[in-house]
Amino acid sequence: MKPTRVLLAKVGLDGHDRGLKLVAHYLMDAGMEVIYLGLRSTPEQVVSAALDEDVDVVGLSFLAGDHMVLAPRVLEGLKRKQLGDVMVLVGGIVHKRDIPALERMGVRRIFLPGTPPGEIVKFIQGKGAAA
Amino acid sequence: MTFTTDSGIPVKAVYTPEDFPERDYEAKLGAPGAYPYTRGVYPTMYRGQLWTMRQYAGFGTAGETNRRFRYLLGEGSTGLSIAFDLPTQLGLDSDAAAAEGAVGRVGVAVDSLADMETIFEGIPLEKVSTSMTINATAPVLLAMVLAVGERQGVPAAKLSGTTQNDILKEFIARGTYIFPPQPSLKLALDIVEYCQKNVPRWNTMNIAGYHIREAGADAVQELAFTLANAIAYIEAARARGLAVDEFAPRLSYSLGCFRDLFEEVAKYRAARRLFARIMKERFQAQDPKSLLFRTFSGSCGSTLAAQQPLNNIVRVTLHALMGVLGGHQAIHTACWDEGFALPSQDAATLALRTQQILAYESGVASTVDPLAGSYYVESLTDEIERRAEAYLAKIDAMGGMLAAIESGYIAREIQAASVRYQRAVDSGEKVIVGLNKFQSGEAEQSPAELFEIDPEVEARQKRSLAEVKRRRSPDKVNQALNQLQGAIAANENVMPAVLDAVKAYATVGEICGVMRSRWGEYRAPAHLR
């Protein structure tokens, strides 16, 4: 079976990627293939990498409060490229009030601070494209 | 059962004089304010002057930040620390496409001198020292403070404050670099050189371990990589022809306050001793001021939890206690609601009160270095120093810190420590109260009121930027930017040209645009393993 491919991205200007790299490590340990574009990706770069790399999951990390501006752009971009079935996850500091709106837009799950990385692995294994 | 410190150093059940014989006192400790400075950089420490209670703040527009600053000063804060939004830190104007959603969010938006004038309205620069968390764009923001000072009638020679200006750690933590490492280092040194001649009381760099720790490093790595960065700057400054005793006294440092109280205190003490020895033996510094590891310490936000958030008040109290027992010159305490949003005003006040209670009620500031002579703390100080030195030797063997960073070695070391830490949290070996032990029924209790950034900030900031652009003289701006371009091409110090550009109300984005066109932007490789 082809391993699950996950694109992890820091969209926007924030430079804190400790959490993202930690998740990357756990996903790789679980046998998944992880692509990380480095800091400060634009939504367009994320969408085109998701297409080129044929990923099953896109994980976005937000810590600077810009998720309501940037997450929708990634989601819309994916839909435009017929990638609406790619599972989109968000992790980081997200205001509780924003969670329903992000879910309505198509984010499958929002992982808040303190989430054990293993939980994200299990979530992808249970509901991801591979399942 | 084995006991270790938070960073994995083995801890014995009991420590005795064998761990710290009396005969070591003079060589390893000495008097406070004397070599090797283990006990503190000044003879009387907090008896002479309490630490500066420096709360990090800044959000929205310059006007809002000015109001928060005046409030903090009114409540007894003794220094200011400005947080800038990400576009300002990355050399983008508020009307740049890439800035959308980030204007005024994690700090104040500064586009031109007009914003800096507003930030300091009614705040006399000669009485208040200002620390700025700014790195890649530090020359521009420093120039703005100098220009405001000039307008307030405060000569540059009387200004005091700090620019973080520690670009190397941006490449291994934090991430707000713009240009490739070499020109980045040149800009950082331009500030060092310029201030040495023109702004003698300015702390030109705050070489920071704090962010390295927050990126996942352990206590030993934090110390070792901070010192390795310092060594790289000092070597580069000497290569430029600057004499160590002329610039080293204006370098300052910062380290984080993490979880393990004795380990953190030992880290600060080891830092002072190891640094003094490096300055004396490696760089032959003669001026005692060059040997002082003056520090600003801060609560590590990553030790706070969003679960049962009021517990963070207790954690922050411990952070402040570590800072005081560790002998820092300035301390920042985090706010308990940081895991949810920017701090509310009440939470910010409580964080300041925490320091005031320690300073005025607890008695911990009454004598210098009260943990000295503890067999455990002295033994831990020695061990941390030994381990940090081993790292430094390894980095030297790799050709220095710049090479170690570029090879990905530092990023991999930090990543490995970060994974080790998380695994220990997963297994429950490391306890985080409320997160992996003693969870209450509710998974999460959000604070009742969260601080909200006014959604209109971005639009308002863009309007005022447009207004500045309308009012200024385009000729003067172009002339200043051309002059800057010339200075860069000639490899001159950029500060005089940046100062002229700032005074002509050229924007952060325009000034950095000139630099970008010469040096390009750097995209760091992502090291995942």
# chains A, B, ... in the order shown; residues from 1 in each chain; ligands from 1
>>> interface_residues(of="chain A", to="chain B", cutoff="6 Å", atoms="only C-alpha atoms", output="list in words")
Gly15, His16, Arg18, Gly38, Asp66 and Val69 of chain A
>>> residues_around(residues="range 32-38 of chain B", least_positions_apart="2", cutoff="6 Å", atoms="only C-alpha atoms", output="count of residues only")
9
>>> closest_residue(among="B:Gly60, B:Tyr421, B:Glu22, B:Ala114", to="Lys469 in chain B", atoms="only C-alpha atoms")
B:Ala114
>>> residues_around(residues="range 250-264 of chain B", least_positions_apart="6", cutoff="9 Å", atoms="only C-alpha atoms", output="JSON, numbers by chain")
{"B": [5, 6, 7, 9, 162, 164, 192, 196, 200, 201, 202, 203, 204, 205, 206, 207, 208, 209, 210, 211, 212, 213, 214, 219, 222, 223, 226, 230, 289, 290, 292, 293, 294, 295, 296, 297, 298, 299, 300, 301, 302, 303, 315, 316, 318, 319, 320, 321, 322, 323, 326, 328, 371, 376, 377, 380, 381, 384]}
>>> residues_around(residues="Asp85 in chain A", least_positions_apart="4", cutoff="12 Å", atoms="only C-alpha atoms", output="ChimeraX atom specification")
/A:50-51,54-58,75,78-81,106-108,127-129
>>> select_by_dssp(residues="chain A", states="helix (DSSP H, G or I)", output="ChimeraX atom specification")
/A:18-29,43-52,67-80,96-105,117-127
>>> write_last_selection(atoms="C-alpha atoms", output="PDB file, in the first residue's frame")
ATOM      1  CA  ARG A  18       8.734  23.752  16.476  1.00  0.00           C
ATOM      2  CA  GLY A  19       5.256  22.259  16.712  1.00  0.00           C
ATOM      3  CA  LEU A  20       5.062  21.571  12.995  1.00  0.00           C
ATOM      4  CA  LYS A  21       8.446  19.835  12.983  1.00  0.00           C
ATOM      5  CA  LEU A  22       7.455  17.759  15.979  1.00  0.00           C
ATOM      6  CA  VAL A  23       4.318  16.593  14.187  1.00  0.00           C
ATOM      7  CA  ALA A  24       6.428  15.886  11.080  1.00  0.00           C
ATOM      8  CA  HIS A  25       8.693  13.670  13.142  1.00  0.00           C
ATOM      9  CA  TYR A  26       5.802  11.653  14.551  1.00  0.00           C
ATOM     10  CA  LEU A  27       4.180  11.252  11.135  1.00  0.00           C
ATOM     11  CA  MET A  28       7.439  10.003   9.609  1.00  0.00           C
ATOM     12  CA  ASP A  29       7.890   7.574  12.489  1.00  0.00           C
ATOM     13  CA  PRO A  43      -1.376  29.849  -0.042  1.00  0.00           C
ATOM     14  CA  GLU A  44      -0.599  29.520  -3.768  1.00  0.00           C
ATOM     15  CA  GLN A  45       2.671  27.688  -3.037  1.00  0.00           C
ATOM     16  CA  VAL A  46       0.859  25.290  -0.724  1.00  0.00           C
ATOM     17  CA  VAL A  47      -1.812  24.524  -3.302  1.00  0.00           C
ATOM     18  CA  SER A  48       0.643  23.906  -6.092  1.00  0.00           C
ATOM     19  CA  ALA A  49       2.838  21.718  -3.874  1.00  0.00           C
ATOM     20  CA  ALA A  50      -0.247  19.724  -2.829  1.00  0.00           C
ATOM     21  CA  LEU A  51      -0.955  19.113  -6.515  1.00  0.00           C
ATOM     22  CA  ASP A  52       2.627  18.346  -7.577  1.00  0.00           C
ATOM     23  CA  HIS A  67      -5.639  31.800  10.234  1.00  0.00           C
ATOM     24  CA  MET A  68      -8.982  33.359   9.274  1.00  0.00           C
ATOM     25  CA  VAL A  69      -7.329  35.218   6.416  1.00  0.00           C
ATOM     26  CA  LEU A  70      -4.989  32.498   5.156  1.00  0.00           C
ATOM     27  CA  ALA A  71      -6.714  29.150   5.758  1.00  0.00           C
ATOM     28  CA  PRO A  72      -9.669  30.009   3.476  1.00  0.00           C
ATOM     29  CA  ARG A  73      -7.260  30.830   0.661  1.00  0.00           C
ATOM     30  CA  VAL A  74      -5.630  27.435   0.872  1.00  0.00           C
ATOM     31  CA  LEU A  75      -9.018  25.689   0.984  1.00  0.00           C
ATOM     32  CA  GLU A  76     -10.383  27.642  -1.966  1.00  0.00           C
ATOM     33  CA  GLY A  77      -7.204  27.048  -3.938  1.00  0.00           C
ATOM     34  CA  LEU A  78      -7.404  23.302  -3.330  1.00  0.00           C
ATOM     35  CA  LYS A  79     -11.017  23.212  -4.484  1.00  0.00           C
ATOM     36  CA  ARG A  80     -10.145  25.140  -7.636  1.00  0.00           C
ATOM     37  CA  LYS A  96     -12.407  29.006  19.943  1.00  0.00           C
ATOM     38  CA  ARG A  97     -14.861  31.293  18.214  1.00  0.00           C
ATOM     39  CA  ASP A  98     -13.166  30.593  14.860  1.00  0.00           C
ATOM     40  CA  ILE A  99     -13.406  26.804  15.046  1.00  0.00           C
ATOM     41  CA  PRO A 100     -16.946  26.358  13.647  1.00  0.00           C
ATOM     42  CA  ALA A 101     -16.180  28.727  10.758  1.00  0.00           C
ATOM     43  CA  LEU A 102     -12.992  26.859   9.872  1.00  0.00           C
ATOM     44  CA  GLU A 103     -14.865  23.558   9.975  1.00  0.00           C
ATOM     45  CA  ARG A 104     -17.598  24.919   7.724  1.00  0.00           C
ATOM     46  CA  MET A 105     -14.934  25.977   5.240  1.00  0.00           C
ATOM     47  CA  PRO A 117       1.339  14.687  18.330  1.00  0.00           C
ATOM     48  CA  GLY A 118       0.359  11.011  18.491  1.00  0.00           C
ATOM     49  CA  GLU A 119      -3.277  12.081  18.430  1.00  0.00           C
ATOM     50  CA  ILE A 120      -2.746  13.742  15.060  1.00  0.00           C
ATOM     51  CA  VAL A 121      -1.098  10.579  13.733  1.00  0.00           C
ATOM     52  CA  LYS A 122      -4.072   8.508  14.890  1.00  0.00           C
ATOM     53  CA  PHE A 123      -6.535  10.961  13.397  1.00  0.00           C
ATOM     54  CA  ILE A 124      -4.891  10.755   9.991  1.00  0.00           C
ATOM     55  CA  GLN A 125      -4.601   6.968  10.159  1.00  0.00           C
ATOM     56  CA  GLY A 126      -8.245   6.612  11.138  1.00  0.00           C
ATOM     57  CA  LYS A 127      -9.910   9.028   8.771  1.00  0.00           C
TER      58      LYS A 127
END
>>> residues_around(residues="Gly91 in chain B", least_positions_apart="3", cutoff="8 Å", atoms="only C-alpha atoms", output="PDB file with N, CA and C atoms, in the first residue's frame")
ATOM      1  N   PRO B  87       4.957  41.953   9.709  1.00  0.00           N
ATOM      2  CA  PRO B  87       5.393  42.727   8.545  1.00  0.00           C
ATOM      3  C   PRO B  87       6.545  43.699   8.882  1.00  0.00           C
ATOM      4  N   THR B  88       6.468  44.356  10.041  1.00  0.00           N
ATOM      5  CA  THR B  88       7.544  45.274  10.432  1.00  0.00           C
ATOM      6  C   THR B  88       8.854  44.503  10.638  1.00  0.00           C
ATOM      7  N   ALA B 136      16.034  41.507  11.755  1.00  0.00           N
ATOM      8  CA  ALA B 136      16.395  41.762  10.360  1.00  0.00           C
ATOM      9  C   ALA B 136      16.257  43.236   9.998  1.00  0.00           C
ATOM     10  N   THR B 137      15.252  43.915  10.570  1.00  0.00           N
ATOM     11  CA  THR B 137      15.030  45.317  10.230  1.00  0.00           C
ATOM     12  C   THR B 137      15.512  46.256  11.343  1.00  0.00           C
ATOM     13  N   ILE B 178      15.486  37.969   6.712  1.00  0.00           N
ATOM     14  CA  ILE B 178      15.090  38.370   5.355  1.00  0.00           C
ATOM     15  C   ILE B 178      16.202  37.981   4.378  1.00  0.00           C
ATOM     16  N   VAL B 508       9.517  51.387   6.048  1.00  0.00           N
ATOM     17  CA  VAL B 508      10.284  50.168   6.329  1.00  0.00           C
ATOM     18  C   VAL B 508      10.386  49.322   5.057  1.00  0.00           C
ATOM     19  N   GLY B 509       9.270  49.204   4.343  1.00  0.00           N
ATOM     20  CA  GLY B 509       9.252  48.394   3.124  1.00  0.00           C
ATOM     21  C   GLY B 509      10.131  48.969   2.029  1.00  0.00           C
ATOM     22  N   ILE B 511      12.806  50.980   2.448  1.00  0.00           N
ATOM     23  CA  ILE B 511      14.215  50.880   2.835  1.00  0.00           C
ATOM     24  C   ILE B 511      14.701  49.439   2.672  1.00  0.00           C
ATOM     25  N   CYS B 512      13.886  48.486   3.144  1.00  0.00           N
ATOM     26  CA  CYS B 512      14.288  47.086   3.002  1.00  0.00           C
ATOM     27  C   CYS B 512      14.222  46.640   1.545  1.00  0.00           C
ATOM     28  N   GLY B 513      13.382  47.300   0.755  1.00  0.00           N
ATOM     29  CA  GLY B 513      13.316  46.989  -0.666  1.00  0.00           C
ATOM     30  C   GLY B 513      14.648  47.260  -1.346  1.00  0.00           C
TER      31      GLY B 513
END
>>> atom_distance(atom1="CA of Ala487 in chain B", atom2="CA of Val199 in chain B")
20.3 Å
>>> select_by_dssp(residues="range 181-267 of chain B", states="strand (DSSP E)", output="ChimeraX atom specification")
/B:202-203,205-208,251-257
